Structures are given as structure tokens and as C-alpha cells.
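Heads up, the thing below is written out as C-alpha cells.
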There are 2 protein chains.
Amino acid sequence: MNTKKTVAVVEDDRRLREKLVQVLENIKDIECIATCSSGEEALKVIPLRPPDVVLMDIKLPGMSGIQCVAELKKSLPKLQVIMVTIYEDSERIFKALKAGASGYLVKSGPPEQLIEAIRDVFAGGSPMSSHIARKVVQHFHLIGPSIEEANNLSPREQQVLTLLASGYIYKEIADQLHIGAETVRTYVKNICYKMHVRSRVEAVAKLRKDAY
Amino acid sequence: MNTKKTVAVVEDDRRLREKLVQVLENIKDIECIATCSSGEEALKVIPLRPPDVVLMDIKLPGMSGIQCVAELKKSLPKLQVIMVTIYEDSERIFKALKAGASGYLVKSGPPEQLIEAIRDVFAGGSPMSSHIARKVVQHFHLIGPSIEEANNLSPREQQVLTLLASGYIYKEIADQLHIGAETVRTYVKNICYKMHVRSRVEAVAKLRKDAY
DNA sequence: TGCTCCATCCCCGAAAGCGGGGATAACATT
DNA sequence: AATGTTATCCCCGCTTTCGGGGATGGAGCA
């Protein structure tokens with residue numbers, strides 16, 4: 001491999017930042033092309049010469065690493081970012097992933113983990129420390145057991161429910177499905193009955209939890 | 001370590017099943033205590049002596065591995081299951097995770113991956129093949145960029161929206177918040193205005209995408 | 001041949017919600 | 001001092017939805 005994978009490091013703690021750079025320097029297939037000590041700096045320098053992968057701390061002075069990822073992703077959607085942080089709480093993990101991070105490592109891991117992670121995202125993977133992965137998976141467990149439940153709605157009823165969730169009123173739904181408004185009403189009644197809810201609003205809200 | 005991690009294998013292909021068992025036999029800290037060739041069989045034998053970890057194929061004759069996990073989890077919620085399969089499509093991945101699987105490996109990987117995965121779930125992790133992890137993470141990207149949007153709702157407005165999503169009508173919300181129904185109506189108007197939607201139903205539906 | 005779903009349509013009267021205004025007071029920002 | 005946001009309340013008239021019925025034909029199953 002003659003083209004090295006390029007990396008940028010965003011980390012406010014100088015000692016740690018330099019340590020990271022040093023670790024990367026010893027790796028043949030990786031080159032660190034930029035270091036930043038704040039999110040603001042990252043937003044300036046990273047777009048000038050986008051690396052393949054960014055290692056991003058979450059706790060930064062000023063803008064958080066999560067905000068920084070969100071911003072970077074707007075202008076560089078293909079940029080791959082690995083969060084490297086001490087936080088293991090679900091909220092931060094999900095926020096980071098939703099902001100566009102591709103990986104999430106806790107700092108306590110060994111340096112090789114970092115190297116592997118860089119290679120992994122480069123190869124199209126999503127490296128996560130093992131407990132982080134578990135938290136992500138648990139998120140699915142929560143919304144989980146509902147696969148089989150709710151879905152006793154007939155195709156037509158599901159259609160109506162979807163349109164309802166899009167904000168259409170009965171008349172509009174009727175027109176789109178080429179049926180009478182009264183028929184739509186009958187469906188809504190049945191939907192409410194089957195989903196054990198009192199109103200179409202609640203049905204739509206419930207749809208959220210049962211949806212994938 | 002004097003207590004071995006116990007494992008059960010559910011796999012219909014005999015050759016593969018025996019190969020798996022053989023691999024496991026050479027590992028000091030792991031003991032395979034059961035093998036099944038179908039989901040139905042697994043439902044019978046696994047509860048008799050629940051292992052620490054189950055390796056589960058998805059494509060099985062009769063009931064699918066995913067259904068099997070869902071069933072097993074009902075009676076043994078603590079059971080850890082690793083899907084071992086050839087499928088990499090998002091739908092199956094999410095269904096398996098929602099059904100309660102803790103890990104998801106593709107069969108093409110090396111045998112050591114399996115051993116590591118067993119140790120990983122045992123230690124509270126969630127092993128996933130690298131492309132699987134990426135698909136899971138991408139799921140968050142989809143529901144992602146919305147973190148910053150919608151939330152210009154005032155606390156009171158959010159409260160009203162939440163109650164709305166629970167199916168309450170204006171009068172009921174008014175009573176719970178000790179305010180007039182007219183006030184609730186004003187909030188709903190503002191909510192619709194701020195969220196760029198036409199009705200409370202649509203607002204509730206939109207809430208679903210912005211929440212995680 | 002019943003039985004149960006499903007999709008479709010209809011009626012009435014009452015309840016809830018909507019559109020589109022207006023208003024007051026408190027507080028923060030500028 | 002002016003502006004903006006929040007929280008609170010009010011009115012009128014119209015539209016929409018709800019509750020609670022009933023009805024028909026077709027498909028699929030026992």
C-alpha cells in the first residue's frame with residue numbers, strides 16, 4: 001500500500017494529543033496530517049485538506065466534539081469520524097452517532113485499538129468499544145419486542161395510518177386512496193380499536209414506538 | 001478460571017454445526033453443552049439447561065432463528081444470543097437485534113472471531129462484524145441531523161406536545177396542567193407554527209422522528 | 001354452509017378542533 | 001425604550017372528528 005490513510009486529531013489536552021500523534025507516527029499505513037485543540041479550529045483546518053478519518057474528543061473547550069462532527073458532516077458528508085472519549089452514557093453515544101460519527105471508542109482502551117479502528121472505518125466498518133456496542137444494541141432491544149404486536153393492521157389500515165401521520169385529514173386521505181371519507185373513518189375506528197388507543201393522535205404516536 | 005462459559009449451537013447444516021462444535025472443543029474456557037438443528041428443538045432443550053451464550057443461525061427449517069430468539073428471550077431474558085449468519089441486509093439485522101440478540105456475526109469470518117465474540121458477550125459487550133456495525137450506526141445517521149432542528153419549542157409547548165402524543169384531548173391536558181383549554185389551544189397553534197406542520201397529528205408524528 | 005376478515009359505504013347528533021383574529025402581564029434581550 | 005418570547009386567556013363561526021350504530025359484497029377457511 002503506497003497511499004497512506006490520512007488522519008486528523010481533535011483533542012484539547014496537549015499531552016494526550018501529542019501522545020496520540022506519536023502512536024500514529026509509528027504506523028506505516030497511517031499518516032497524521034493535522035491536529036486541532038478545539039472544535040472551532042477543526043472547522044477551519046479540516047475542510048482545507050480533509051483527511052480520511054478524524055479522531056474526535058467529545059469534551060472540548062467551546063463547541064463540543066459532537067457539535068463539531070455535525071458541522072463538519074454538513075460540508076464533508078463523506079468524512080469518517082471516530083469519537084475518542086471517556087464518556088459512556090447512552091445519551092452522548094446516541095447524539096454522537098446521530099451527528100454522523102462512524103465509530104465510538106473509550107479512551108481507556110489500548111493504542112492498538114485506535115489503529116485497528118482507523119483501519120476498520122477505512123474498510124467500511126464502525127468500530128465501537130465493546131460496552132458501547134452493547135448500549136447501541138440495547139437501544140434496539142427497547143424498541144424491540146413490538147415486532148409481532150401492533151401489526152394486525154390490514155394493509156389498507158396501515159396505509160391510512162401512514163397518511164394520517166403525514167397530517168392529512170380524512171377527506172384528503174379519501175381522495176388519495178380513491179375511496180369515500182366515510183370509509184377512511186371506518187378504518188380509523190378499526191385502527192383505534194386494534195391498537196387499543198382512544199384517538200388517531202395516539203395511534204400515530206404509538207406508531208413511533210412500534211416502527212423499526 | 002475454573003468455570004467454563006457454556007455455549008449452545010443452533011444450526012441446521014450438520015457439517016457446519018459439527019465444525020462449530022469442534023472449534024469450540026479446543027477452547028479451554030468454553031464448553032458446548034447443547035446443539036440443535038432447528039428452532040423448535042432449541043425452544044425445547046435450551047430452557048432445560050440454559051447456557052451462557054447461544055450461537056444462532058438465522059436460516060433454519062421451520063421457525064427462523066429470529067423468531068426463535070424472540071421466543072427464548074421471553075422465558076430467559078438474560079440469555080445472550082449471537083446471530084451467526086450469512087445475511088447482511090439491514091432488515092434482518094434490525095429484526096434480530098430487536099428480537100433480543102446481543103451480537104451479530106457473518107459466517108464468512110474466521111473461527112477466532114467466534115471465540116472472541118463469545119468472550120465479548122460474556123463480558124457485557126456486543127460483538128458485530130464490522131459491516132454489520134456500520135449498518136447499525138447508519139441507522140442512527142438516518143434519524144440523525146434532526147437533533148438541532150425542532151427543539152425551539154418552549155418547555156410548556158413540549159409538555160403539551162407530549163400529552164398530545166399520549167392521546168389526551170385539550171380539556172384533559174388543560175386539567176392536568178391547571179390551565180384553560182383555550183391556552184392549550186394557543187400552544188398547539190404555536191407548536192404547529194414552529195414545527196411547520198398543519199395539525200397536531202402531524203406534529204406528534206414528527207416528534208417521533210426527532211426523538212431518539 | 002356458515003364464520004370471520006376485509007374493503008367499502010351511509011346516517012345522525014354531539015364533541016372536539018381549527019382559523020384567525022385579539023389581549024395582558026412578566027421577563028429578557030437589545 | 002423598543003422588541004421579542006413566554007404564558008396565560010377569550011370569541012366567533014366553520015370544519016372535522018367522534019360515538020355508535022348499520023349495511024353489502026367478496027375472499028378464505030373450516
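Chain identifiers are assigned as A, B, and so on, following the order in which chains appear in the C-alpha cells; residues are numbered from 1 within each chain, and ligands are numbered from 1 in order of appearance.
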
Sorted by chain and rising residue number, which residues of chain D lie within 9 Å of chain A, and what are their closest atom pairs and distances in Å to one decimal, counting only C-alpha atoms (C1' of nucleotides), as JSON lines?
{"residue": "D:DT16", "atom": "C1'", "partner": "A:Ile169", "partner_atom": "CA", "distance": 8.1}
{"residue": "D:DT17", "atom": "C1'", "partner": "A:Arg185", "partner_atom": "CA", "distance": 8.8}
{"residue": "D:DC18", "atom": "C1'", "partner": "A:Ser199", "partner_atom": "CA", "distance": 8.9}

Export, as a PDB file, in the first residue's frame, the selected residues with N, CA and C atoms (P, O5', C5', C4', C3', O3' and C1' of nucleotides).
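Okay, out.pdb is ready:
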ATOM      1  P    DT D  16     -62.849  20.366   6.459  1.00  0.00           P
ATOM      2  O5'  DT D  16     -62.530  19.378   7.675  1.00  0.00           O
ATOM      3  C5'  DT D  16     -61.754  19.836   8.771  1.00  0.00           C
ATOM      4  C4'  DT D  16     -61.885  18.878   9.925  1.00  0.00           C
ATOM      5  C3'  DT D  16     -62.009  17.404   9.516  1.00  0.00           C
ATOM      6  O3'  DT D  16     -60.845  16.749   9.988  1.00  0.00           O
ATOM      7  C1'  DT D  16     -63.549  17.996  11.266  1.00  0.00           C
ATOM      8  P    DT D  17     -60.637  15.173   9.833  1.00  0.00           P
ATOM      9  O5'  DT D  17     -61.182  14.660  11.241  1.00  0.00           O
ATOM     10  C5'  DT D  17     -60.792  15.339  12.426  1.00  0.00           C
ATOM     11  C4'  DT D  17     -61.560  14.800  13.624  1.00  0.00           C
ATOM     12  C3'  DT D  17     -61.676  13.277  13.671  1.00  0.00           C
ATOM     13  O3'  DT D  17     -61.249  12.864  14.962  1.00  0.00           O
ATOM     14  C1'  DT D  17     -63.784  14.272  14.016  1.00  0.00           C
ATOM     15  P    DC D  18     -61.244  11.358  15.385  1.00  0.00           P
ATOM     16  O5'  DC D  18     -62.593  11.210  16.217  1.00  0.00           O
ATOM     17  C5'  DC D  18     -62.795  12.064  17.342  1.00  0.00           C
ATOM     18  C4'  DC D  18     -64.015  11.613  18.123  1.00  0.00           C
ATOM     19  C3'  DC D  18     -64.173  10.092  18.245  1.00  0.00           C
ATOM     20  O3'  DC D  18     -64.590   9.805  19.563  1.00  0.00           O
ATOM     21  C1'  DC D  18     -66.100  11.020  17.249  1.00  0.00           C
TER      22       DC D  18
END

Enumerate, in order of chain and increasing residue number, the residues of chain C with an atom no farther than 12 Å from chain A, each with its shortest atom pair and distance in Å to one decimal, counting only C-alpha atoms (C1' of nucleotides), as JSON lines.
{"residue": "C:DC5", "atom": "C1'", "partner": "A:Ser154", "partner_atom": "CA", "distance": 9.4}
{"residue": "C:DC6", "atom": "C1'", "partner": "A:Ser154", "partner_atom": "CA", "distance": 7.8}
{"residue": "C:DA7", "atom": "C1'", "partner": "A:Arg156", "partner_atom": "CA", "distance": 8.2}
{"residue": "C:DT8", "atom": "C1'", "partner": "A:Thr183", "partner_atom": "CA", "distance": 6.3}
{"residue": "C:DC9", "atom": "C1'", "partner": "A:Thr183", "partner_atom": "CA", "distance": 6.4}
{"residue": "C:DC10", "atom": "C1'", "partner": "A:Glu182", "partner_atom": "CA", "distance": 7.7}
{"residue": "C:DC11", "atom": "C1'", "partner": "A:Glu182", "partner_atom": "CA", "distance": 10.5}
{"residue": "C:DA16", "atom": "C1'", "partner": "A:Ser199", "partner_atom": "CA", "distance": 11.5}

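Residues of region 22-192 of chain A that DSSP places in strand (DSSP E), based on the backbone of this structure, are Ile30, Glu31, Cys32, Ile33, Ala34, Thr35, Cys36, Val53, Val54, Leu55, Met56, Gln80, Val81, Ile82, Met83, Val84, Thr85, Gly103, Tyr104, Leu105 and Val106 of chain A.
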
Restricted to C-alpha atoms, what would the selected residues look like written as a PDB file, in the first residue's frame?
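Final output, saved to result.pdb:
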ATOM      1  CA  ILE A  30      -1.287   5.863   8.576  1.00  0.00           C
ATOM      2  CA  GLU A  31      -0.279   9.489   8.387  1.00  0.00           C
ATOM      3  CA  CYS A  32      -1.452  12.212  10.720  1.00  0.00           C
ATOM      4  CA  ILE A  33      -1.903  15.344   8.611  1.00  0.00           C
ATOM      5  CA  ALA A  34      -3.499  17.694  11.129  1.00  0.00           C
ATOM      6  CA  THR A  35      -4.065  18.277  14.821  1.00  0.00           C
ATOM      7  CA  CYS A  36      -6.528  20.666  16.410  1.00  0.00           C
ATOM      8  CA  VAL A  53     -10.503   9.746   9.238  1.00  0.00           C
ATOM      9  CA  VAL A  54     -10.877  12.176  12.142  1.00  0.00           C
ATOM     10  CA  LEU A  55     -10.277  11.203  15.742  1.00  0.00           C
ATOM     11  CA  MET A  56     -12.501  13.454  17.793  1.00  0.00           C
ATOM     12  CA  GLN A  80     -15.361   9.465   8.673  1.00  0.00           C
ATOM     13  CA  VAL A  81     -15.194  10.404  12.323  1.00  0.00           C
ATOM     14  CA  ILE A  82     -14.292   8.256  15.289  1.00  0.00           C
ATOM     15  CA  MET A  83     -15.210   9.630  18.675  1.00  0.00           C
ATOM     16  CA  VAL A  84     -12.489   9.007  21.243  1.00  0.00           C
ATOM     17  CA  THR A  85     -13.756   9.871  24.656  1.00  0.00           C
ATOM     18  CA  GLY A 103     -17.137   4.915  15.443  1.00  0.00           C
ATOM     19  CA  TYR A 104     -17.009   5.409  19.189  1.00  0.00           C
ATOM     20  CA  LEU A 105     -14.067   4.399  21.343  1.00  0.00           C
ATOM     21  CA  VAL A 106     -13.464   4.893  25.017  1.00  0.00           C
TER      22      VAL A 106
END

Inset, instruction - Using only C-alpha atoms (C1' of nucleotides), determine which residues lie at most 9 Å from region 176-178 of chain A, disregarding the query and same-chain residues fewer than 4 positions distant; provide the list as number ranges by chain. - result: A: 159-160, 171-172

Inset, instruction - Write down, as a ChimeraX atom specification, each residue of chain A that has any atom within 7 Å of an atom of chain B, counting only C-alpha atoms. - result: /A:97-100,102,124-127,130-131,133-134,137,140-141,143-145,165-167,198-199,201-202,204-205,208

Inset, instruction - Report the residues of region 50-186 of chain A whose backbone DSSP state falls under helix (DSSP H, G or I), written as a ChimeraX atom specification. - result: /A:65-75,90-99,111-122,130-142,145-147,155-165,170-177,181-186
